[in-house]
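Below is one structure, written out as structure tokens; the observations come after it.
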Amino acid sequence: MFNFDEARFLRIQKGAVDLAPRIDHEIGAAIADGARNLYFLGTGGVAYLMEPAVQLLQRKSSFPVFKDFPAELVLTGSANLTDKSIVVMPSLSGTTRESVAMLNKVKEVGAKIITLIGHADTPLGLGGNPALVNFAEDDTSSESFYLQSLLVALSVMKAKGELPNYDALVAELATVPAALVQAKAAFEPRAEEFAQIIAGSDYHMFTGAGNMWPEALYYATCILEEMQWIRTRPVHASDFFHGPLELIDTGVSLVLFRGEDAYDPLAVRVEEFAKRYTDKLTVINTADYCPRDLSPELRALLSPAFMATLMERLSAYLEVMRDHPLVTRRYYKRVAY
């Protein structure tokens with residue numbers, strides 16, 4: 001595959017899966033010790049990657065779960081964030097300014113802090129109790145964080161007696177790194193074609209439903225806007241018919257992410273409408289590339305990770321096609337703000 005190091009990718013994703021016992025121990029012990037809720041507190045793109053786990057817990061578990069903006073909570077705190085909270089703080093660099101400030105705030109509150117990071121010798125690496133380290137870089141981090149956050153959610157449900165097949169799911173997760181590579185290989189023949197679609201316009205609408213929505217938001221915002229300087233308009237499929245549909249017209253690019261969870265009918269509704277009014281509808285469906293030997297339950301839970309792994313293939317072609325490396329920035333970590 002083009003510009004792809006398979007051994008490196010497998011090592012990183014296996015590292016995420018291998019955190020399962022530690023995550024389960026920490027979550028189980030905290031709940032047994034009286035924890036009353038869970039917060040996911042990430043900043044920027046990594047916060048989007050936590051959202052499928054948040055959604056799963058909000059809809060399938062009785063254990064209260066919250067997500068919020070660290071930049072806001074630092075200013076005001078929250079009545080629900082107490083010394084009986086479990087706080088999961090993801091950060092690839094371990095140095096994100098807003099998250100470091102939030103770490104200090106959480107320590108003052110006395111909550112249980114679990115950091116998910118790529119580098120140990122950093123403020124978040126040194127501040128977690130525990131700090132769970134899995135080295136990754138931008139092109140491999142999405143899948144890693146999707147896997148880690150899913151493990152957190154599964155462990156919560158196990159501890160609450162809400163997931164009788166926890167052991168089976170975690171055992172099957174061991175096959176996921178190789179399955180992600182299979183999905184990449186299946187998508188590879190079309191990756192350049194899809195990259196040409198993205199390169200062919202300076203504005204795209206992005207949409208998805210269920211656990212596809214966070215990946216649509218992530219790819220539009222963190223890859224195309226931040227790393228490619230392409231303007232996007234992300235919108236949840238549930239909100240599409242409440243304003244954004246009026247932007248659809250001939251020549252307007254709409255990119256629709258479809259997955260295999262229960263909310264796909266909302267995406268289908270958008271697809272059926274949009275194909276009547278724009279000649280630039282692009283639909284990417286994980287069901288077309290995800291290995292079918294994975295259980296339907298795991299395919300549904302990991303649809304955003306599979307979409308992320310497909311989009312990495314698209315991005316590999318896009319940055320070369322546009323002569324714009326993904327590491328290029330004008331402002332991010334380059335000027336004061």
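Naming works like this for the structure tokens: A, B, ... for the chains as they're shown, residue 1 at the start of each chain, ligands 1 onward in shown order.
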
Considering only alpha helix (DSSP H) as DSSP defines it on the backbone, what residues of region 106-259 of chain A qualify? List them as a CSV table (one decimal) with N, CA, C and O atoms, in the first residue's frame.
```csv
chain,number,residue,atom,x,y,z
A,106,VAL,N,-8.5,18.8,38.1
A,106,VAL,CA,-9.1,17.5,38.5
A,106,VAL,C,-8.3,17.0,39.8
A,106,VAL,O,-8.9,16.4,40.7
A,107,LYS,N,-7.0,17.3,39.8
A,107,LYS,CA,-6.3,16.9,41.0
A,107,LYS,C,-6.8,17.7,42.2
A,107,LYS,O,-6.9,17.1,43.3
A,108,GLU,N,-7.1,18.9,42.1
A,108,GLU,CA,-7.7,19.7,43.2
A,108,GLU,C,-9.0,19.1,43.7
A,108,GLU,O,-9.3,19.1,44.9
A,109,VAL,N,-9.8,18.6,42.7
A,109,VAL,CA,-11.1,18.0,43.0
A,109,VAL,C,-10.9,16.7,43.8
A,109,VAL,O,-11.7,16.3,44.6
A,123,PRO,N,3.5,16.2,30.8
A,123,PRO,CA,2.6,16.5,32.0
A,123,PRO,C,1.5,15.5,32.2
A,123,PRO,O,1.2,15.1,33.3
A,124,LEU,N,0.8,15.2,31.1
A,124,LEU,CA,-0.3,14.2,31.3
A,124,LEU,C,0.2,12.8,31.5
A,124,LEU,O,-0.4,12.0,32.2
A,125,GLY,N,1.4,12.5,31.0
A,125,GLY,CA,2.0,11.2,31.2
A,125,GLY,C,2.4,11.1,32.7
A,125,GLY,O,2.3,10.0,33.3
A,126,LEU,N,2.9,12.1,33.3
A,126,LEU,CA,3.4,12.1,34.7
A,126,LEU,C,2.2,12.3,35.6
A,126,LEU,O,2.3,12.0,36.8
A,127,GLY,N,1.1,12.9,35.1
A,127,GLY,CA,0.0,13.2,36.0
A,127,GLY,C,-1.1,12.2,36.2
A,127,GLY,O,-2.0,12.4,37.0
A,138,ASP,N,0.1,10.9,14.3
A,138,ASP,CA,-1.1,11.4,13.8
A,138,ASP,C,-1.8,10.4,12.8
A,138,ASP,O,-3.0,10.2,12.9
A,139,ASP,N,-1.0,9.7,12.0
A,139,ASP,CA,-1.6,8.8,11.1
A,139,ASP,C,-2.1,7.4,11.6
A,139,ASP,O,-2.7,6.6,10.9
A,140,THR,N,-1.8,7.2,12.9
A,140,THR,CA,-2.2,5.9,13.6
A,140,THR,C,-3.0,6.1,14.8
A,140,THR,O,-3.4,5.2,15.4
A,141,SER,N,-3.1,7.4,15.3
A,141,SER,CA,-3.7,7.6,16.6
A,141,SER,C,-5.2,7.5,16.7
A,141,SER,O,-5.7,7.1,17.7
A,142,SER,N,-5.9,7.7,15.6
A,142,SER,CA,-7.4,7.6,15.6
A,142,SER,C,-7.9,6.2,16.0
A,142,SER,O,-8.7,6.1,17.0
A,143,GLU,N,-7.4,5.2,15.3
A,143,GLU,CA,-7.8,3.9,15.6
A,143,GLU,C,-7.4,3.5,17.0
A,143,GLU,O,-8.1,2.8,17.8
A,144,SER,N,-6.2,3.9,17.5
A,144,SER,CA,-5.7,3.6,18.8
A,144,SER,C,-6.6,4.2,19.9
A,144,SER,O,-7.0,3.5,20.8
A,145,PHE,N,-7.0,5.4,19.7
A,145,PHE,CA,-7.9,6.1,20.7
A,145,PHE,C,-9.3,5.5,20.6
A,145,PHE,O,-10.0,5.4,21.7
A,146,TYR,N,-9.8,5.2,19.5
A,146,TYR,CA,-11.1,4.5,19.4
A,146,TYR,C,-11.1,3.2,20.1
A,146,TYR,O,-12.0,2.9,20.9
A,147,LEU,N,-10.1,2.4,20.0
A,147,LEU,CA,-10.0,1.1,20.7
A,147,LEU,C,-9.9,1.3,22.2
A,147,LEU,O,-10.5,0.7,23.0
A,148,GLN,N,-9.0,2.3,22.6
A,148,GLN,CA,-8.9,2.5,24.1
A,148,GLN,C,-10.2,3.0,24.7
A,148,GLN,O,-10.5,2.5,25.8
A,149,SER,N,-10.8,3.9,24.1
A,149,SER,CA,-12.1,4.4,24.7
A,149,SER,C,-13.2,3.4,24.7
A,149,SER,O,-14.0,3.3,25.6
A,150,LEU,N,-13.2,2.5,23.6
A,150,LEU,CA,-14.2,1.4,23.7
A,150,LEU,C,-13.9,0.5,24.8
A,150,LEU,O,-14.8,0.1,25.5
A,151,LEU,N,-12.6,0.2,25.1
A,151,LEU,CA,-12.3,-0.6,26.2
A,151,LEU,C,-12.7,0.0,27.5
A,151,LEU,O,-13.2,-0.7,28.4
A,152,VAL,N,-12.6,1.3,27.7
A,152,VAL,CA,-13.1,2.0,28.9
A,152,VAL,C,-14.6,1.7,29.0
A,152,VAL,O,-15.1,1.3,30.1
A,153,ALA,N,-15.3,1.9,28.0
A,153,ALA,CA,-16.8,1.8,28.0
A,153,ALA,C,-17.2,0.3,28.3
A,153,ALA,O,-18.1,0.1,29.1
A,154,LEU,N,-16.5,-0.6,27.7
A,154,LEU,CA,-16.8,-2.0,27.9
A,154,LEU,C,-16.5,-2.4,29.4
A,154,LEU,O,-17.3,-3.2,30.0
A,155,SER,N,-15.5,-1.9,29.9
A,155,SER,CA,-15.1,-2.2,31.3
A,155,SER,C,-16.1,-1.6,32.3
A,155,SER,O,-16.5,-2.2,33.3
A,156,VAL,N,-16.6,-0.4,32.0
A,156,VAL,CA,-17.7,0.2,32.8
A,156,VAL,C,-18.9,-0.7,32.8
A,156,VAL,O,-19.5,-1.1,33.9
A,157,MET,N,-19.3,-1.2,31.6
A,157,MET,CA,-20.5,-2.0,31.5
A,157,MET,C,-20.3,-3.4,32.2
A,157,MET,O,-21.2,-3.9,32.9
A,158,LYS,N,-19.1,-3.9,32.1
A,158,LYS,CA,-18.8,-5.1,32.8
A,158,LYS,C,-18.9,-5.0,34.3
A,158,LYS,O,-19.5,-5.8,35.0
A,159,ALA,N,-18.3,-3.9,34.8
A,159,ALA,CA,-18.4,-3.6,36.3
A,159,ALA,C,-19.8,-3.4,36.8
A,159,ALA,O,-20.1,-3.8,38.0
A,166,TYR,N,-18.4,-9.6,27.8
A,166,TYR,CA,-17.2,-8.8,27.8
A,166,TYR,C,-16.0,-9.6,27.4
A,166,TYR,O,-15.2,-9.2,26.5
A,167,ASP,N,-15.8,-10.8,28.0
A,167,ASP,CA,-14.6,-11.6,27.7
A,167,ASP,C,-14.5,-12.0,26.2
A,167,ASP,O,-13.4,-11.9,25.6
A,168,ALA,N,-15.6,-12.3,25.6
A,168,ALA,CA,-15.7,-12.7,24.2
A,168,ALA,C,-15.3,-11.5,23.3
A,168,ALA,O,-14.6,-11.6,22.3
A,169,LEU,N,-15.8,-10.3,23.7
A,169,LEU,CA,-15.5,-9.1,22.9
A,169,LEU,C,-14.1,-8.8,23.0
A,169,LEU,O,-13.4,-8.4,21.9
A,170,VAL,N,-13.5,-8.8,24.1
A,170,VAL,CA,-12.1,-8.4,24.3
A,170,VAL,C,-11.2,-9.5,23.6
A,170,VAL,O,-10.2,-9.1,23.0
A,171,ALA,N,-11.6,-10.7,23.7
A,171,ALA,CA,-10.8,-11.7,22.9
A,171,ALA,C,-10.8,-11.5,21.4
A,171,ALA,O,-9.8,-11.6,20.7
A,172,GLU,N,-12.0,-11.1,20.9
A,172,GLU,CA,-12.1,-10.8,19.5
A,172,GLU,C,-11.4,-9.5,19.1
A,172,GLU,O,-10.9,-9.4,18.0
A,173,LEU,N,-11.3,-8.6,20.0
A,173,LEU,CA,-10.5,-7.4,19.7
A,173,LEU,C,-9.1,-7.6,19.4
A,173,LEU,O,-8.5,-6.8,18.7
A,176,VAL,N,-8.5,-7.4,15.7
A,176,VAL,CA,-8.9,-6.1,15.0
A,176,VAL,C,-7.7,-5.4,14.3
A,176,VAL,O,-7.9,-4.9,13.2
A,177,PRO,N,-6.5,-5.4,14.9
A,177,PRO,CA,-5.4,-4.7,14.2
A,177,PRO,C,-5.2,-5.3,12.8
A,177,PRO,O,-5.1,-4.6,11.8
A,178,ALA,N,-5.3,-6.6,12.7
A,178,ALA,CA,-5.1,-7.3,11.3
A,178,ALA,C,-6.3,-7.0,10.5
A,178,ALA,O,-6.2,-6.8,9.3
A,179,ALA,N,-7.5,-6.9,11.1
A,179,ALA,CA,-8.7,-6.6,10.3
A,179,ALA,C,-8.7,-5.2,9.8
A,179,ALA,O,-9.2,-4.9,8.7
A,180,LEU,N,-8.1,-4.3,10.5
A,180,LEU,CA,-7.9,-2.9,10.0
A,180,LEU,C,-7.0,-2.8,8.8
A,180,LEU,O,-7.3,-2.1,7.9
A,181,VAL,N,-6.0,-3.6,8.8
A,181,VAL,CA,-5.1,-3.7,7.7
A,181,VAL,C,-5.8,-4.3,6.5
A,181,VAL,O,-5.7,-3.8,5.3
A,182,GLN,N,-6.7,-5.3,6.7
A,182,GLN,CA,-7.5,-5.9,5.6
A,182,GLN,C,-8.4,-4.8,5.0
A,182,GLN,O,-8.6,-4.8,3.8
A,183,ALA,N,-9.0,-4.0,5.9
A,183,ALA,CA,-9.9,-3.0,5.4
A,183,ALA,C,-9.1,-1.9,4.6
A,183,ALA,O,-9.6,-1.5,3.5
A,184,LYS,N,-7.9,-1.6,5.0
A,184,LYS,CA,-7.1,-0.6,4.2
A,184,LYS,C,-6.8,-1.2,2.8
A,184,LYS,O,-6.9,-0.5,1.8
A,185,ALA,N,-6.4,-2.5,2.8
A,185,ALA,CA,-6.1,-3.1,1.5
A,185,ALA,C,-7.3,-3.2,0.6
A,185,ALA,O,-7.2,-3.0,-0.6
A,186,ALA,N,-8.5,-3.4,1.2
A,186,ALA,CA,-9.7,-3.4,0.4
A,186,ALA,C,-10.1,-2.1,-0.2
A,186,ALA,O,-10.6,-2.0,-1.3
A,187,PHE,N,-9.8,-1.0,0.6
A,187,PHE,CA,-10.1,0.3,0.2
A,187,PHE,C,-9.0,0.9,-0.8
A,187,PHE,O,-9.3,1.9,-1.6
A,188,GLU,N,-7.8,0.4,-0.7
A,188,GLU,CA,-6.7,1.0,-1.4
A,188,GLU,C,-7.0,1.3,-2.9
A,188,GLU,O,-6.6,2.3,-3.4
A,189,PRO,N,-7.6,0.3,-3.7
A,189,PRO,CA,-7.8,0.6,-5.1
A,189,PRO,C,-8.7,1.8,-5.4
A,189,PRO,O,-8.7,2.4,-6.5
A,190,ARG,N,-9.5,2.3,-4.4
A,190,ARG,CA,-10.4,3.4,-4.6
A,190,ARG,C,-9.9,4.7,-3.8
A,190,ARG,O,-10.5,5.7,-3.9
A,191,ALA,N,-8.8,4.5,-3.0
A,191,ALA,CA,-8.4,5.6,-2.2
A,191,ALA,C,-8.0,6.9,-3.0
A,191,ALA,O,-8.4,8.0,-2.7
A,192,GLU,N,-7.3,6.7,-4.1
A,192,GLU,CA,-6.8,7.8,-4.9
A,192,GLU,C,-8.0,8.5,-5.6
A,192,GLU,O,-8.1,9.7,-5.7
A,193,GLU,N,-9.0,7.6,-6.0
A,193,GLU,CA,-10.2,8.2,-6.6
A,193,GLU,C,-11.0,9.1,-5.6
A,193,GLU,O,-11.4,10.2,-6.0
A,194,PHE,N,-11.1,8.7,-4.4
A,194,PHE,CA,-11.8,9.5,-3.4
A,194,PHE,C,-11.0,10.7,-3.0
A,194,PHE,O,-11.5,11.8,-2.8
A,195,ALA,N,-9.7,10.6,-3.0
A,195,ALA,CA,-8.8,11.7,-2.7
A,195,ALA,C,-9.0,12.8,-3.8
A,195,ALA,O,-9.0,14.0,-3.5
A,196,GLN,N,-9.2,12.4,-5.1
A,196,GLN,CA,-9.4,13.3,-6.2
A,196,GLN,C,-10.7,14.1,-5.9
A,196,GLN,O,-10.8,15.3,-6.3
A,197,ILE,N,-11.7,13.5,-5.4
A,197,ILE,CA,-12.9,14.1,-5.1
A,197,ILE,C,-12.7,15.2,-4.0
A,197,ILE,O,-13.2,16.4,-4.2
A,198,ILE,N,-12.0,14.9,-3.0
A,198,ILE,CA,-11.7,15.9,-2.0
A,198,ILE,C,-10.8,17.0,-2.5
A,198,ILE,O,-11.1,18.2,-2.3
A,199,ALA,N,-9.8,16.7,-3.3
A,199,ALA,CA,-8.9,17.7,-3.9
A,199,ALA,C,-9.7,18.6,-4.9
A,199,ALA,O,-9.2,19.7,-5.2
A,212,MET,N,-20.8,7.2,13.6
A,212,MET,CA,-20.1,7.7,12.4
A,212,MET,C,-20.0,9.2,12.5
A,212,MET,O,-19.1,9.8,11.8
A,213,TRP,N,-20.8,9.9,13.2
A,213,TRP,CA,-20.8,11.3,13.3
A,213,TRP,C,-19.5,11.8,13.8
A,213,TRP,O,-18.9,12.7,13.3
A,214,PRO,N,-19.0,11.3,15.0
A,214,PRO,CA,-17.7,11.8,15.4
A,214,PRO,C,-16.5,11.7,14.4
A,214,PRO,O,-15.7,12.6,14.3
A,215,GLU,N,-16.5,10.6,13.6
A,215,GLU,CA,-15.5,10.5,12.7
A,215,GLU,C,-15.7,11.4,11.5
A,215,GLU,O,-14.7,12.0,11.0
A,216,ALA,N,-16.9,11.7,11.1
A,216,ALA,CA,-17.1,12.7,10.1
A,216,ALA,C,-16.7,14.1,10.6
A,216,ALA,O,-16.0,14.8,9.8
A,217,LEU,N,-17.0,14.4,11.8
A,217,LEU,CA,-16.6,15.7,12.4
A,217,LEU,C,-15.0,15.7,12.5
A,217,LEU,O,-14.4,16.8,12.2
A,218,TYR,N,-14.4,14.6,12.9
A,218,TYR,CA,-13.0,14.6,13.1
A,218,TYR,C,-12.3,14.8,11.7
A,218,TYR,O,-11.3,15.6,11.6
A,226,GLU,N,-7.6,21.5,9.5
A,226,GLU,CA,-6.3,21.7,10.1
A,226,GLU,C,-5.1,21.4,9.2
A,226,GLU,O,-4.1,22.1,9.1
A,227,MET,N,-5.2,20.2,8.6
A,227,MET,CA,-4.0,19.6,8.0
A,227,MET,C,-4.0,19.9,6.5
A,227,MET,O,-2.9,19.7,5.8
A,228,GLN,N,-5.1,20.3,5.9
A,228,GLN,CA,-5.1,20.5,4.4
A,228,GLN,C,-5.7,21.9,4.1
A,228,GLN,O,-5.7,22.3,2.9
```

List as a tab-separated table every residue of region 21-61 of chain A that is in contact with region 75-97 of chain A, defined as an atom at most 10 Å from one of its atoms (using only C-alpha atoms), together with the nearest atom pair and the distance in Å rounded to one decimal, sorted by chain and then rising number.
```
residue	atom	partner	partner_atom	distance
A:Glu26	CA	A:Ile86	CA	9.7
A:Ile27	CA	A:Ile86	CA	8.0
A:Ala30	CA	A:Ile86	CA	7.3
A:Ile31	CA	A:Ile86	CA	8.5
A:Asp33	CA	A:Lys84	CA	8.9
A:Gly34	CA	A:Lys84	CA	6.7
A:Ala35	CA	A:Lys84	CA	4.6
A:Arg36	CA	A:Lys84	CA	5.5
A:Asn37	CA	A:Ser85	CA	5.1
A:Leu38	CA	A:Ile86	CA	4.7
A:Tyr39	CA	A:Val87	CA	4.7
A:Phe40	CA	A:Val88	CA	4.9
A:Leu41	CA	A:Met89	CA	5.1
A:Gly42	CA	A:Pro90	CA	5.4
A:Thr43	CA	A:Thr96	CA	7.4
A:Gly44	CA	A:Thr96	CA	9.2
A:Gly45	CA	A:Ser91	CA	9.4
A:Val46	CA	A:Pro90	CA	6.6
A:Ala47	CA	A:Pro90	CA	7.5
A:Leu49	CA	A:Pro90	CA	9.3
A:Met50	CA	A:Pro90	CA	8.4
```

*Tell me, as a count of residues only, which residues lie within 12 Å of Leu224 (chain A), counting only C-alpha atoms; anything in the same chain fewer than 4 positions away does not count.*
34

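Secondary structure by DSSP on the backbone puts the following residues of region 113-196 of chain A in strand (DSSP E): Ile113, Ile114, Thr115, Leu116, Ile117, Ala131, Leu132 and Val133 of chain A.
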
*When you draw a straight line from CA of Ile12 (chain A) to CA of Lys67 (chain A), how long is it in Å?*
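CA of Lys67 (chain A) lies at a distance of 25.8 Å from CA of Ile12 (chain A).
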